[in-house]
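Structure file input.tsv with TSV, C-alpha atoms:
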```
chain	number	residue	atom	x	y	z
A	225	MET	CA	49.96	131.50	-11.49
A	226	LYS	CA	51.45	131.10	-14.92
A	227	ARG	CA	49.19	130.56	-17.85
A	228	HIS	CA	48.44	126.93	-18.75
A	229	PHE	CA	46.24	125.87	-21.63
A	230	PHE	CA	45.52	122.29	-20.57
A	231	ILE	CA	45.05	120.82	-24.03
A	232	LEU	CA	42.78	117.89	-23.20
A	233	GLY	CA	42.78	116.25	-26.60
A	234	LEU	CA	42.92	118.33	-29.74
A	235	THR	CA	39.72	117.99	-31.69
A	236	ILE	CA	38.58	119.45	-34.96
A	237	PHE	CA	37.02	122.27	-32.94
A	238	VAL	CA	40.46	123.38	-31.79
A	239	ALA	CA	42.01	122.95	-35.21
A	240	LEU	CA	39.37	125.15	-36.74
A	241	GLY	CA	39.25	127.60	-33.85
A	242	CYS	CA	35.91	129.05	-32.79
A	243	GLN	CA	34.11	127.89	-35.92
A	244	SER	CA	30.89	126.02	-36.51
A	245	THR	CA	30.84	122.75	-38.38
A	246	ALA	CA	27.32	123.58	-39.50
A	247	GLU	CA	26.81	125.10	-42.90
A	248	PRO	CA	26.38	128.87	-42.63
A	249	THR	CA	22.86	129.85	-43.47
A	250	GLU	CA	21.32	133.25	-43.95
A	251	ALA	CA	21.01	134.49	-40.37
A	252	THR	CA	17.88	135.90	-38.84
A	253	GLU	CA	17.54	138.25	-35.89
A	254	ALA	CA	19.56	136.93	-33.01
A	255	SER	CA	17.14	138.02	-30.30
A	256	GLU	CA	13.53	139.01	-29.93
A	257	ALA	CA	14.20	142.73	-29.57
A	258	PRO	CA	16.83	145.03	-31.10
A	259	GLN	CA	19.79	145.52	-28.80
A	260	PRO	CA	20.93	149.02	-27.83
A	261	GLY	CA	24.19	149.81	-29.57
A	262	SER	CA	23.72	146.95	-32.00
A	263	ALA	CA	23.60	146.54	-35.71
A	264	ALA	CA	23.67	143.76	-38.23
A	265	ASN	CA	24.39	143.29	-41.87
A	266	GLU	CA	22.16	141.49	-44.34
A	267	ASP	CA	23.22	138.24	-42.68
A	268	GLY	CA	22.16	139.50	-39.24
A	269	GLY	CA	18.93	141.39	-39.71
A	270	GLN	CA	19.09	144.64	-37.72
A	271	ASP	CA	19.90	148.28	-38.48
A	272	ALA	CA	22.34	150.33	-36.43
A	273	VAL	CA	21.05	151.68	-33.11
A	274	ASP	CA	23.60	154.09	-31.67
A	275	SER	CA	22.34	154.20	-28.06
A	276	TYR	CA	25.73	153.34	-26.60
A	277	GLN	CA	25.09	155.05	-23.26
A	278	SER	CA	22.40	152.64	-22.05
A	279	PRO	CA	23.07	151.61	-18.42
A	280	GLY	CA	21.36	148.23	-18.98
A	281	VAL	CA	23.82	147.01	-21.61
A	282	ALA	CA	27.25	145.43	-21.11
A	283	THR	CA	29.71	144.27	-23.76
A	284	PHE	CA	32.67	141.95	-23.21
A	285	ALA	CA	35.16	140.15	-25.44
A	286	GLY	CA	36.88	137.06	-24.11
A	287	GLY	CA	37.92	135.00	-27.09
A	288	CYS	CA	35.51	132.59	-28.77
A	289	PHE	CA	32.05	134.06	-28.35
A	290	TRP	CA	30.49	130.60	-28.11
A	291	CYS	CA	32.18	130.27	-24.71
A	292	MET	CA	31.29	133.76	-23.53
A	293	GLN	CA	27.52	133.57	-23.98
A	294	ARG	CA	26.64	130.73	-21.61
A	295	PRO	CA	28.15	132.21	-18.40
A	296	PHE	CA	25.98	135.34	-18.71
A	297	ASP	CA	22.86	133.45	-19.69
A	298	GLU	CA	23.10	131.70	-16.31
A	299	VAL	CA	23.09	134.97	-14.32
A	300	GLN	CA	19.85	136.04	-12.67
A	301	GLY	CA	18.96	139.51	-13.87
A	302	VAL	CA	20.37	139.04	-17.36
A	303	GLU	CA	17.49	139.51	-19.77
A	304	SER	CA	19.18	138.52	-23.04
A	305	THR	CA	22.55	137.95	-24.67
A	306	VAL	CA	23.70	138.07	-28.26
A	307	VAL	CA	27.09	137.36	-29.83
A	308	GLY	CA	28.67	139.43	-32.54
A	309	TYR	CA	31.51	141.64	-33.68
A	310	THR	CA	32.65	145.02	-32.38
A	311	GLY	CA	35.67	147.29	-32.11
A	312	GLY	CA	36.32	147.59	-35.83
A	313	GLU	CA	35.60	150.37	-38.29
A	314	GLU	CA	34.20	148.45	-41.27
A	315	GLU	CA	30.44	148.15	-41.55
A	316	SER	CA	28.53	144.89	-41.93
A	317	PRO	CA	31.43	142.50	-41.28
A	318	SER	CA	30.87	138.83	-41.97
A	319	TYR	CA	32.28	136.05	-39.81
A	320	GLN	CA	34.71	135.06	-42.55
A	321	GLU	CA	36.03	138.63	-42.77
A	322	VAL	CA	36.42	138.96	-39.00
A	323	VAL	CA	38.34	135.69	-38.55
A	324	ALA	CA	40.56	136.60	-41.49
A	325	GLY	CA	41.65	139.60	-39.41
A	326	SER	CA	40.81	142.17	-42.05
A	327	THR	CA	38.18	144.26	-40.22
A	328	GLY	CA	39.65	145.08	-36.80
A	329	HIS	CA	36.65	143.56	-34.98
A	330	VAL	CA	36.75	141.12	-32.09
A	331	GLU	CA	34.26	138.42	-31.19
A	332	ALA	CA	32.16	139.66	-28.28
A	333	VAL	CA	28.95	139.20	-26.33
A	334	GLU	CA	26.43	141.96	-25.69
A	335	ILE	CA	24.27	141.62	-22.58
A	336	ARG	CA	21.02	143.28	-21.63
A	337	PHE	CA	20.43	143.22	-17.89
A	338	ASP	CA	18.15	144.51	-15.18
A	339	ALA	CA	20.32	146.70	-12.97
A	340	ASP	CA	17.88	146.19	-10.08
A	341	GLU	CA	18.69	142.47	-10.09
A	342	VAL	CA	22.34	142.30	-11.08
A	343	SER	CA	25.02	144.98	-10.91
A	344	TYR	CA	27.59	145.79	-13.55
A	345	ASP	CA	30.30	144.89	-11.04
A	346	GLU	CA	28.78	141.41	-10.70
A	347	LEU	CA	28.80	140.99	-14.49
A	348	LEU	CA	32.47	141.95	-14.50
A	349	ASP	CA	33.14	139.21	-11.96
A	350	VAL	CA	31.49	136.70	-14.32
A	351	PHE	CA	33.64	138.04	-17.15
A	352	TRP	CA	36.94	137.69	-15.28
A	353	ARG	CA	36.04	134.14	-14.30
A	354	SER	CA	35.18	133.12	-17.88
A	355	MET	CA	38.46	133.86	-19.66
A	356	ASP	CA	42.20	134.46	-19.19
A	357	PRO	CA	42.75	138.15	-18.39
A	358	THR	CA	46.54	137.77	-18.61
A	359	ASP	CA	46.55	137.01	-22.35
A	360	ASN	CA	46.00	139.82	-24.86
A	361	GLU	CA	47.09	137.89	-27.94
A	362	GLY	CA	44.03	135.65	-28.10
A	363	GLN	CA	42.39	133.19	-25.73
A	364	PHE	CA	43.53	129.62	-25.15
A	365	ALA	CA	43.80	127.71	-28.45
A	366	ASP	CA	42.33	130.65	-30.39
A	367	ARG	CA	45.06	133.08	-31.40
A	368	GLY	CA	44.86	136.35	-33.25
A	369	ASP	CA	43.62	139.90	-32.87
A	370	HIS	CA	39.94	138.98	-33.30
A	371	TYR	CA	40.15	136.85	-30.14
A	372	ARG	CA	41.65	139.59	-27.94
A	373	PRO	CA	39.86	140.32	-24.63
A	374	PHE	CA	38.22	143.69	-23.97
A	375	VAL	CA	35.75	145.43	-21.70
A	376	PHE	CA	33.65	147.82	-23.79
A	377	TYR	CA	32.09	150.42	-21.51
A	378	HIS	CA	28.77	152.11	-22.37
A	379	ASN	CA	29.06	155.09	-20.02
A	380	GLN	CA	31.55	156.68	-17.66
A	381	ALA	CA	30.13	154.86	-14.65
A	382	GLN	CA	30.88	151.52	-16.32
A	383	ARG	CA	34.37	152.72	-17.20
A	384	GLN	CA	35.15	153.62	-13.59
A	385	ILE	CA	33.72	150.37	-12.25
A	386	ALA	CA	35.65	148.33	-14.83
A	387	GLU	CA	38.93	150.07	-14.10
A	388	ALA	CA	38.50	149.56	-10.35
A	389	SER	CA	37.56	145.91	-10.88
A	390	ARG	CA	40.60	145.32	-13.09
A	391	GLU	CA	42.88	146.95	-10.51
A	392	GLN	CA	41.40	144.82	-7.75
A	393	LEU	CA	41.94	141.65	-9.77
A	394	ASP	CA	45.49	142.67	-10.63
A	395	GLU	CA	46.41	143.34	-7.00
A	396	HIS	CA	44.48	140.63	-5.20
A	397	GLY	CA	43.53	138.03	-7.80
A	398	PRO	CA	45.00	134.57	-8.29
A	399	PHE	CA	47.30	135.52	-11.19
A	400	ASP	CA	51.06	136.07	-11.11
A	401	ASP	CA	51.04	137.66	-14.56
A	402	PRO	CA	49.58	141.17	-14.97
A	403	ILE	CA	46.00	141.77	-16.09
A	404	VAL	CA	46.19	143.01	-19.69
A	405	VAL	CA	42.54	143.46	-20.69
A	406	ASP	CA	41.93	146.86	-22.30
A	407	ILE	CA	38.91	148.92	-21.29
A	408	VAL	CA	37.61	150.95	-24.23
A	409	GLU	CA	34.46	152.79	-25.23
A	410	ALA	CA	31.73	150.72	-26.87
A	411	SER	CA	31.01	151.20	-30.54
A	412	THR	CA	28.66	149.61	-33.05
A	413	PHE	CA	27.99	145.96	-32.27
A	414	TRP	CA	27.24	143.83	-35.33
A	415	ILE	CA	25.14	140.78	-34.52
A	416	ALA	CA	26.76	137.55	-35.69
A	417	GLU	CA	25.13	135.07	-38.03
A	418	GLU	CA	22.30	133.05	-36.55
A	419	TYR	CA	24.20	129.76	-36.48
A	420	HIS	CA	26.58	131.29	-33.91
A	421	GLN	CA	23.81	132.40	-31.53
A	422	ASN	CA	23.37	130.11	-28.49
A	423	TYR	CA	25.76	127.60	-30.01
A	424	TYR	CA	26.09	125.81	-26.68
A	425	LYS	CA	22.37	125.04	-26.74
A	426	LYS	CA	22.12	124.10	-30.41
A	427	ASN	CA	25.21	121.86	-30.47
A	428	PRO	CA	25.89	120.82	-26.86
A	429	GLU	CA	28.22	117.90	-27.58
A	430	GLN	CA	30.34	119.87	-30.04
A	431	TYR	CA	30.40	122.81	-27.68
A	432	GLU	CA	31.57	120.76	-24.70
A	433	ALA	CA	34.30	119.14	-26.81
A	434	TYR	CA	35.50	122.56	-27.93
A	435	TYR	CA	35.22	124.09	-24.44
A	436	ALA	CA	37.47	121.35	-23.03
A	437	GLY	CA	39.75	120.84	-26.01
A	438	SER	CA	40.58	124.51	-26.38
A	439	GLY	CA	42.06	124.57	-22.87
A	440	ARG	CA	39.50	127.00	-21.43
A	441	LYS	CA	37.76	124.52	-19.14
A	442	GLY	CA	40.96	123.19	-17.55
A	443	PHE	CA	42.40	126.66	-17.05
A	444	LEU	CA	39.28	128.04	-15.38
A	445	GLU	CA	38.88	125.00	-13.14
A	446	GLN	CA	42.49	125.27	-11.96
A	447	VAL	CA	42.25	129.01	-11.28
A	448	TRP	CA	38.76	129.23	-9.81
A	449	GLY	CA	37.75	125.65	-9.02
A	450	GLU	CA	34.69	123.92	-10.41
```
Before we go any further, please render this structure as structure tokens.
Amino acid sequence: MKRHFFILGLTIFVALGCQSTAEPTEATEASEAPQPGSAANEDGGQDAVDSYQSPGVATFAGGCFWCMQRPFDEVQGVESTVVGYTGGEEESPSYQEVVAGSTGHVEAVEIRFDADEVSYDELLDVFWRSMDPTDNEGQFADRGDHYRPFVFYHNQAQRQIAEASREQLDEHGPFDDPIVVDIVEASTFWIAEEYHQNYYKKNPEQYEAYYAGSGRKGFLEQVWGE
């Protein structure tokens, strides 16, 4: 199946990309407890915690992080999610710096989960069904390096599972184009500003307009059904 973006009416949310219309405010902690492998700048609230090998943490990038948080929040066994920036070398990146493409980070979601209730392989299945794995230049209406898709593995077991899952999707999935999502080792995850956290809950109408207008909703419904 060739890639189709299904632009269902371009709104300001598409024109601006994955950006909030709310005024940025000084962000607070994005979740109740510090996340393994996470950090935040003065706008985010947390110090670096370099426990990247935790088996109960998963990190995925699939374009606009607003659209990547909700699918995992709906999974039984997921304890918490937080959106932020990872994959770059600069410390304490701000949203404005990331979207300007000057830091090397991508927008991503970090997930804490109970491995007794949900497996990493099941989380990968949610990931593949939430984005376009055949596009490594952005996602849908959002173009640029900071919207590239990645799987960030936290240990070698996750790496092996992710590589096998990607191969399975490439060989037996619904796509004609090759799967181009890179699988790389997790690094420091900087928690995004508070106004980005749980955007779909805070601004449901704006979120739904963006989710449809960006082309993500139409693409996923055509590939996977409703």
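Comparing the minimum interatomic distances between Glu313 of chain A and each of A:Trp414, A:Pro295, A:Ala381, A:Ala388, counting only C-alpha atoms, we find that A:Trp414 sits nearest.
Going from atom CA of Met355 of chain A over to atom CA of Glu331 of chain A, you cover 13.1 Å.
Among the candidates A:Asp369, A:Val375, A:Ser343, A:Glu334, the residue lying nearest to Asp297 of chain A is A:Glu334 (atoms considered: all atoms listed in the file).
Nearest to Gln380 of chain A of all the residues A:Val306, A:Gly397, A:Pro279, A:Trp448 is A:Pro279, counting only C-alpha atoms.
Closest approach to Glu387 of chain A among A:Glu361, A:Tyr424, A:Gln446, A:Asp345: A:Asp345, based on only C-alpha atoms.
Between Val404 of chain A and the residues A:Arg383, A:His420, A:Arg440, A:Arg372, the shortest atom-to-atom distance, using only C-alpha atoms, involves A:Arg372.
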Margin query: For Asn422 of chain A, find every residue with an atom within 9 Å (counting only C-alpha atoms), except residues of its own chain fewer than 3 positions away, and show them as a ChimeraX atom specification.
Written below: /A:290,293-294,305-307,418-419,425-427
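Atom pair atom CA of Asn379 of chain A / atom CA of Gly312 of chain A: separated by 18.9 Å.
A straight line drawn from atom CA of Tyr435 of chain A to atom CA of Ala282 of chain A is 23.0 Å long.
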